[in-house]
file target23.csv (CSV, C-alpha atoms)
chain,number,residue,atom,x,y,z
A,297,MET,CA,-4.5,-12.9,-17.1
A,298,GLN,CA,-8.2,-12.1,-16.4
A,299,GLU,CA,-8.8,-8.8,-14.7
A,300,ASN,CA,-10.4,-10.3,-11.5
A,301,SER,CA,-7.7,-12.9,-11.2
A,302,ILE,CA,-5.2,-10.2,-10.1
A,303,TYR,CA,-6.4,-10.6,-6.5
A,304,GLU,CA,-5.6,-14.3,-6.6
A,305,GLN,CA,-1.9,-13.3,-7.0
A,306,ILE,CA,-1.9,-12.7,-3.2
A,307,TYR,CA,-1.3,-16.5,-2.8
A,308,PRO,CA,1.9,-17.0,-4.7
A,309,PHE,CA,3.2,-13.6,-3.7
A,310,CYS,CA,2.9,-14.4,0.0
A,311,LYS,CA,4.9,-17.6,-0.5
A,312,ILE,CA,7.9,-15.6,-1.8
A,313,ARG,CA,10.5,-15.2,0.9
A,314,ASN,CA,13.1,-12.4,1.1
A,315,LEU,CA,16.2,-13.0,3.2
A,316,GLY,CA,15.0,-10.4,5.7
A,317,ASN,CA,14.1,-6.7,5.9
A,318,PHE,CA,15.4,-3.9,3.7
A,319,TYR,CA,18.9,-4.1,5.0
A,320,SER,CA,19.2,-7.8,4.0
A,321,ASN,CA,19.2,-6.7,0.3
A,322,SER,CA,22.6,-7.1,-1.3
A,323,GLY,CA,24.2,-5.5,-4.3
A,324,ASP,CA,22.3,-5.0,-7.6
A,325,ASP,CA,20.3,-8.2,-7.3
A,326,PRO,CA,16.6,-7.3,-6.3
A,327,PRO,CA,15.2,-9.4,-3.5
A,328,PRO,CA,12.8,-12.2,-4.4
A,329,ARG,CA,9.6,-10.3,-3.7
A,330,VAL,CA,10.7,-7.5,-6.1
A,331,LYS,CA,11.5,-10.1,-8.8
A,332,PHE,CA,8.1,-11.6,-8.4
A,333,LEU,CA,6.4,-8.2,-8.8
A,334,ILE,CA,8.4,-7.3,-11.8
A,335,SER,CA,7.4,-10.6,-13.5
A,336,LEU,CA,3.8,-10.1,-12.6
A,337,ILE,CA,3.8,-6.5,-13.9
A,338,GLU,CA,5.4,-7.6,-17.1
A,339,LYS,CA,2.8,-10.3,-17.6
A,340,LEU,CA,0.1,-7.7,-17.1
A,341,GLU,CA,1.9,-5.5,-19.8
A,342,ILE,CA,2.0,-2.5,-17.4
A,343,ARG,CA,4.7,0.1,-18.1
A,344,TYR,CA,7.0,0.4,-15.2
A,345,ILE,CA,10.3,1.9,-14.0
A,346,LEU,CA,12.5,0.0,-11.5
A,347,ASP,CA,13.9,3.0,-9.5
A,348,LYS,CA,17.0,1.9,-7.6
A,349,PHE,CA,18.3,4.0,-4.8
A,350,VAL,CA,21.1,3.6,-2.2
A,351,SER,CA,20.5,4.2,1.5
A,352,GLU,CA,23.0,5.8,3.8
A,353,SER,CA,24.1,2.3,4.9
A,354,GLY,CA,24.9,1.5,1.3
A,355,THR,CA,22.0,-0.9,0.9
A,356,THR,CA,20.2,-0.8,-2.5
A,357,GLY,CA,16.5,-0.2,-2.5
A,358,TYR,CA,13.9,-0.8,-5.2
A,359,ASN,CA,10.8,1.3,-5.8
A,360,ILE,CA,8.6,0.0,-8.6
A,361,ILE,CA,6.9,2.9,-10.4
A,362,LEU,CA,3.9,2.0,-12.5
A,363,THR,CA,3.9,5.0,-14.7
A,364,GLY,CA,0.8,7.0,-15.3
A,365,GLU,CA,-0.1,10.2,-17.1
A,366,THR,CA,1.5,13.5,-16.0
A,367,SER,CA,-1.9,15.1,-16.3
A,368,SER,CA,-3.0,13.0,-13.3
A,369,ARG,CA,-2.3,14.8,-10.0
A,370,LYS,CA,-3.0,11.8,-7.8
A,371,MET,CA,-0.8,8.9,-6.7
A,372,VAL,CA,-1.4,5.6,-5.0
A,373,VAL,CA,1.4,3.8,-3.0
A,374,ALA,CA,1.9,0.6,-1.0
A,375,HIS,CA,5.1,-0.7,0.5
A,376,HIS,CA,6.4,-4.1,-0.6
A,377,ASP,CA,9.2,-4.7,1.9
A,378,ILE,CA,8.8,-6.9,4.9
A,379,ALA,CA,10.1,-7.1,8.5
A,380,ASN,CA,9.8,-10.9,9.1
A,381,PRO,CA,10.9,-13.2,6.3
A,382,ASN,CA,9.5,-16.3,8.0
A,383,ILE,CA,5.8,-15.5,7.7
A,384,ASP,CA,3.2,-14.8,4.9
A,385,ASN,CA,3.1,-11.0,5.4
A,386,ALA,CA,-0.4,-11.3,4.0
A,387,ASN,CA,-2.0,-8.2,5.3
A,388,ASP,CA,1.3,-6.2,5.9
A,389,ASN,CA,1.6,-5.4,3.2
A,390,SER,CA,1.2,-8.0,0.4
A,391,ALA,CA,-2.6,-7.4,0.0
A,392,SER,CA,-2.0,-3.7,-0.4
A,393,VAL,CA,0.6,-4.3,-3.1
A,394,ILE,CA,-1.8,-6.5,-5.1
A,395,ASN,CA,-4.6,-4.0,-4.5
A,396,ALA,CA,-2.4,-1.2,-5.8
A,397,ILE,CA,-1.7,-3.1,-9.0
A,398,ALA,CA,-5.4,-3.9,-9.3
A,399,THR,CA,-6.1,-0.1,-9.0
A,400,LYS,CA,-3.6,0.5,-11.8
A,401,ILE,CA,-5.4,-2.0,-14.0
A,402,LYS,CA,-8.7,-0.2,-13.4
A,403,MET,CA,-7.3,3.3,-13.8
A,404,PRO,CA,-4.3,3.3,-16.1
A,405,ALA,CA,-3.7,7.1,-15.9
A,406,ILE,CA,-2.9,6.9,-12.2
A,407,THR,CA,0.7,6.6,-11.1
A,408,VAL,CA,1.1,3.7,-8.7
A,409,VAL,CA,4.4,3.2,-6.7
A,410,LEU,CA,5.3,0.1,-4.8
A,411,LEU,CA,7.7,1.3,-2.2
A,412,ASP,CA,10.7,-0.2,-0.5
A,413,GLY,CA,12.0,0.4,3.1
A,414,GLU,CA,8.8,1.3,4.9
A,415,GLU,CA,9.6,-1.1,7.7
A,416,VAL,CA,12.9,0.6,8.4
A,417,GLY,CA,11.7,4.2,8.5
A,418,GLY,CA,10.2,4.9,5.1
A,419,LEU,CA,13.3,5.0,2.9
A,420,GLY,CA,11.5,4.4,-0.3
A,421,ALA,CA,8.9,7.0,0.6
A,422,GLU,CA,11.7,9.5,1.1
A,423,ARG,CA,13.2,8.7,-2.3
A,424,LEU,CA,9.8,9.1,-3.9
A,425,ALA,CA,9.2,12.4,-2.1
A,426,GLN,CA,12.4,13.9,-3.5
A,427,LEU,CA,11.4,12.9,-7.0
A,428,ILE,CA,7.9,14.5,-6.5
A,429,ILE,CA,9.5,17.7,-5.2
A,430,LYS,CA,11.6,17.8,-8.3
A,431,GLU,CA,8.4,17.4,-10.3
A,432,LYS,CA,9.4,14.2,-12.0
A,433,PHE,CA,5.7,13.3,-12.1
A,434,GLY,CA,4.3,16.7,-12.9
A,435,GLN,CA,2.2,18.2,-10.1
A,436,ILE,CA,1.0,15.8,-7.4
A,437,ASP,CA,-1.8,17.0,-5.2
A,438,TRP,CA,-1.9,14.0,-2.8
A,439,ILE,CA,-0.8,10.4,-2.2
A,440,LEU,CA,-3.2,7.7,-1.1
A,441,ASN,CA,-1.2,5.2,1.0
A,442,LEU,CA,-2.6,1.6,1.2
A,443,GLU,CA,-1.7,-0.3,4.4
A,444,LEU,CA,-3.1,-3.6,5.7
A,445,THR,CA,-5.9,-3.8,3.1
A,446,GLY,CA,-6.5,-7.6,3.0
A,447,ARG,CA,-9.7,-7.7,5.1
A,448,GLY,CA,-12.7,-5.5,5.7
A,449,GLY,CA,-13.9,-4.7,2.2
A,450,ASN,CA,-15.7,-1.3,2.2
A,451,ARG,CA,-15.4,-0.7,5.9
A,452,PHE,CA,-12.2,1.2,6.7
A,453,PHE,CA,-10.6,3.9,8.7
A,454,ILE,CA,-8.1,6.6,7.8
A,455,GLY,CA,-5.3,8.1,9.8
A,456,GLN,CA,-5.3,11.5,11.4
A,457,TYR,CA,-3.6,13.3,8.5
A,458,PRO,CA,-5.7,16.4,7.8
A,459,GLY,CA,-5.6,17.9,4.3
A,460,LYS,CA,-7.3,17.8,0.9
A,461,LEU,CA,-7.2,14.1,0.6
A,462,SER,CA,-8.6,13.4,4.0
A,463,ASP,CA,-11.3,16.0,3.4
A,464,LEU,CA,-12.1,14.3,0.0
A,465,ILE,CA,-12.4,10.8,1.7
A,466,LEU,CA,-14.6,12.2,4.4
A,467,SER,CA,-16.9,13.9,1.9
A,468,LYS,CA,-17.6,10.5,0.3
A,469,PHE,CA,-17.5,8.1,3.3
A,470,LYS,CA,-18.6,8.3,6.9
A,471,CYS,CA,-15.4,6.5,8.0
A,472,PRO,CA,-13.7,6.7,11.4
A,473,VAL,CA,-10.4,8.7,11.7
A,474,THR,CA,-7.8,7.5,14.2
A,475,SER,CA,-4.2,7.7,15.1
A,476,THR,CA,-2.0,5.1,13.4
A,477,PRO,CA,1.4,3.5,13.8
A,478,PHE,CA,4.2,4.8,11.6
A,479,ASN,CA,3.6,4.5,7.9
A,480,ASP,CA,4.9,6.1,4.7
A,481,SER,CA,2.4,9.0,4.8
A,482,VAL,CA,4.5,10.4,7.7
A,483,ILE,CA,7.4,10.7,5.4
A,484,PHE,CA,5.4,12.4,2.6
A,485,ARG,CA,3.9,14.9,4.9
A,486,LYS,CA,7.3,15.7,6.4
A,487,ASN,CA,8.2,16.7,2.9
A,488,GLY,CA,5.2,18.9,2.4
A,489,ILE,CA,3.2,16.4,0.3
A,490,ASP,CA,-0.4,15.7,1.3
A,491,SER,CA,-0.9,12.0,2.1
A,492,CYS,CA,-3.3,9.9,4.1
A,493,VAL,CA,-3.1,6.2,5.1
A,494,ILE,CA,-6.2,4.1,4.6
A,495,ASN,CA,-6.9,0.7,6.2
A,496,PRO,CA,-10.0,-1.6,6.0
A,497,LEU,CA,-10.9,-3.8,9.0
A,498,PRO,CA,-13.4,-6.5,9.5
A,499,LEU,CA,-16.2,-6.1,12.0
A,500,LEU,CA,-15.4,-7.2,15.5
A,501,GLU,CA,-17.4,-10.3,16.4
A,502,LYS,CA,-17.4,-9.8,20.1
A,503,GLY,CA,-16.8,-6.8,22.4
A,504,GLU,CA,-16.0,-3.3,21.3
A,505,SER,CA,-13.1,-1.3,19.9
A,506,HIS,CA,-12.4,2.5,19.8
A,507,VAL,CA,-12.7,2.4,15.9
A,508,LYS,CA,-16.3,2.1,14.8
A,509,TRP,CA,-18.2,2.0,11.5
A,510,GLU,CA,-21.7,3.2,11.9
A,511,ASN,CA,-21.7,2.3,15.6
A,512,MET,CA,-20.3,-1.2,14.8
A,513,SER,CA,-16.8,-1.9,16.2
A,514,LEU,CA,-14.0,-2.7,13.8
A,515,ASP,CA,-11.4,-5.3,14.7
A,516,TRP,CA,-8.6,-3.1,15.7
A,517,GLU,CA,-6.6,-6.0,17.1
A,518,MET,CA,-6.0,-7.2,13.5
A,519,VAL,CA,-3.5,-4.2,13.2
A,520,TYR,CA,-1.3,-6.0,15.7
A,521,ASN,CA,-1.0,-9.1,13.6
A,522,CYS,CA,1.9,-7.4,11.8
A,523,HIS,CA,5.3,-9.0,11.8
A,524,SER,CA,3.9,-12.1,13.5
A,525,LYS,CA,2.7,-15.6,12.5
A,526,LYS,CA,-0.8,-14.2,12.9
A,527,ASP,CA,-0.3,-12.3,9.6
A,528,SER,CA,-1.2,-15.3,7.6
A,529,LEU,CA,-3.0,-15.9,4.3
A,530,ASP,CA,-6.0,-17.4,6.1
A,531,THR,CA,-6.7,-14.0,7.7
A,532,ILE,CA,-7.3,-12.1,4.4
A,533,SER,CA,-10.0,-12.3,1.8
A,534,VAL,CA,-9.6,-11.8,-2.0
A,535,GLU,CA,-13.3,-10.9,-2.1
A,536,ASP,CA,-12.7,-8.2,0.5
A,537,MET,CA,-9.7,-7.0,-1.4
A,538,GLN,CA,-11.7,-6.6,-4.6
A,539,GLN,CA,-14.5,-4.9,-2.8
A,540,PHE,CA,-12.1,-2.4,-1.2
A,541,VAL,CA,-10.5,-1.5,-4.6
A,542,GLU,CA,-13.8,-1.2,-6.5
A,543,GLU,CA,-16.0,0.4,-3.9
A,544,VAL,CA,-13.5,2.5,-2.0
A,545,ILE,CA,-10.2,3.3,-3.8
A,546,LEU,CA,-11.8,3.8,-7.2
A,547,LYS,CA,-14.4,6.1,-5.7
A,548,ILE,CA,-11.8,8.2,-4.0
A,549,LEU,CA,-9.9,8.5,-7.3
A,550,GLU,CA,-12.8,9.1,-9.6
A,551,ASP,CA,-13.0,12.9,-9.5
call {"tool": "encode", "arguments": {"input": "target23.csv", "output": "structure tokens"}}
result
Amino acid sequence: MQENSIYEQIYPFCKIRNLGNFYSNSGDDPPPRVKFLISLIEKLEIRYILDKFVSESGTTGYNIILTGETSSRKMVVAHHDIANPNIDNANDNSASVINAIATKIKMPAITVVLLDGEEVGGLGAERLAQLIIKEKFGQIDWILNLELTGRGGNRFFIGQYPGKLSDLILSKFKCPVTSTPFNDSVIFRKNGIDSCVINPLPLLEKGESHVKWENMSLDWEMVYNCHSKKDSLDTISVEDMQQFVEEVILKILED
């Protein structure tokens, strides 16, 4: 598989349907989206660990850990689970999963984790947080959390999660900072792990929003496409995805 073609995997990935949300998983058989990702990762010859965990309800979850070097103190995550099995789930959060894998291809030393259970309270993030606390990955300084990264390219906002990671991003980019809906960064920070969510958005064609990039409004309404039929493949851009990875994520990780 050619390096740039990784972004094209958004199309077959979005056509894979789970039965439902996290709690629809059953037994030791991973849901279809997890099986797709494992197949893709193996084709790319990326080392990985399928980290199975059991929730309090008895449901089995699946975090996919793309292993990096213990000398790296940074981590990138994106959740792979969905809330609505009848839609593409293109921006939430299939694009971020593909972008996280693309980041791993570009920077093999970085540990990338594809998380389960975000849509039901961050269960996979809690599992990962406990492994980090036990130093299963060495020392981790911060976790960059990719959410809704299918459109917007190098224009983005970050959540109001102050810390070293937020300071680093703001030292490199003049991006807006705003409050966000629940995401896995909330779970990491609850466990004392610095984390910040990052989310590109396209420019708003008409009107204004409260989130601005150099005095230009970003289309905040796109955030509300989640879990609805509006979250379709025709709302994302593989060109924007690649630009976001190469001009934003890699720049954050480069130091």
call {"tool": "atom_distance", "arguments": {"input": "target23.csv", "atom1": "atom CA of A:Ile345", "atom2": "atom CA of A:Val409"}}
result
9.5 Å
call {"tool": "closest_residue", "arguments": {"input": "target23.csv", "among": "A:Glu352, A:Glu414, A:Glu535, A:Asp527", "to": "A:Cys310", "atoms": "only C-alpha atoms"}}
result
A:Asp527
call {"tool": "residues_near_point", "arguments": {"input": "target23.csv", "point": "(10.7, 5.4, 8.5)", "cutoff": "12 Å", "atoms": "all atoms listed in the file", "output": "ChimeraX atom specification"}}
result
/A:318,375,411-423,477-484,486
call {"tool": "closest_residue", "arguments": {"input": "target23.csv", "among": "A:Ala379, A:Ile360, A:Leu315, A:Val373", "to": "A:His523", "atoms": "only C-alpha atoms"}}
result
A:Ala379
call {"tool": "closest_residue", "arguments": {"input": "target23.csv", "among": "A:Leu442, A:Leu427, A:Ala374, A:Leu500", "to": "A:Ile545", "atoms": "only C-alpha atoms"}}
result
A:Leu442
call {"tool": "closest_residue", "arguments": {"input": "target23.csv", "among": "A:Tyr358, A:Phe452, A:Phe540, A:Phe469", "to": "A:Tyr303", "atoms": "all atoms listed in the file"}}
result
A:Phe540
call {"tool": "closest_residue", "arguments": {"input": "target23.csv", "among": "A:Val330, A:Ile532, A:Ile302, A:Ile454", "to": "A:Lys402", "atoms": "only C-alpha atoms"}}
result
A:Ile302
call {"tool": "closest_residue", "arguments": {"input": "target23.csv", "among": "A:Asp536, A:Glu365, A:Glu443, A:Asp324", "to": "A:Pro404", "atoms": "only C-alpha atoms"}}
result
A:Glu365
call {"tool": "residues_around", "arguments": {"input": "target23.csv", "residues": "A:Ser491", "least_positions_apart": "5", "cutoff": "9 Å", "atoms": "only C-alpha atoms", "output": "VMD selection string"}}
result
chain A and resid 437 to 441 457 to 462 480 to 482 484 to 485
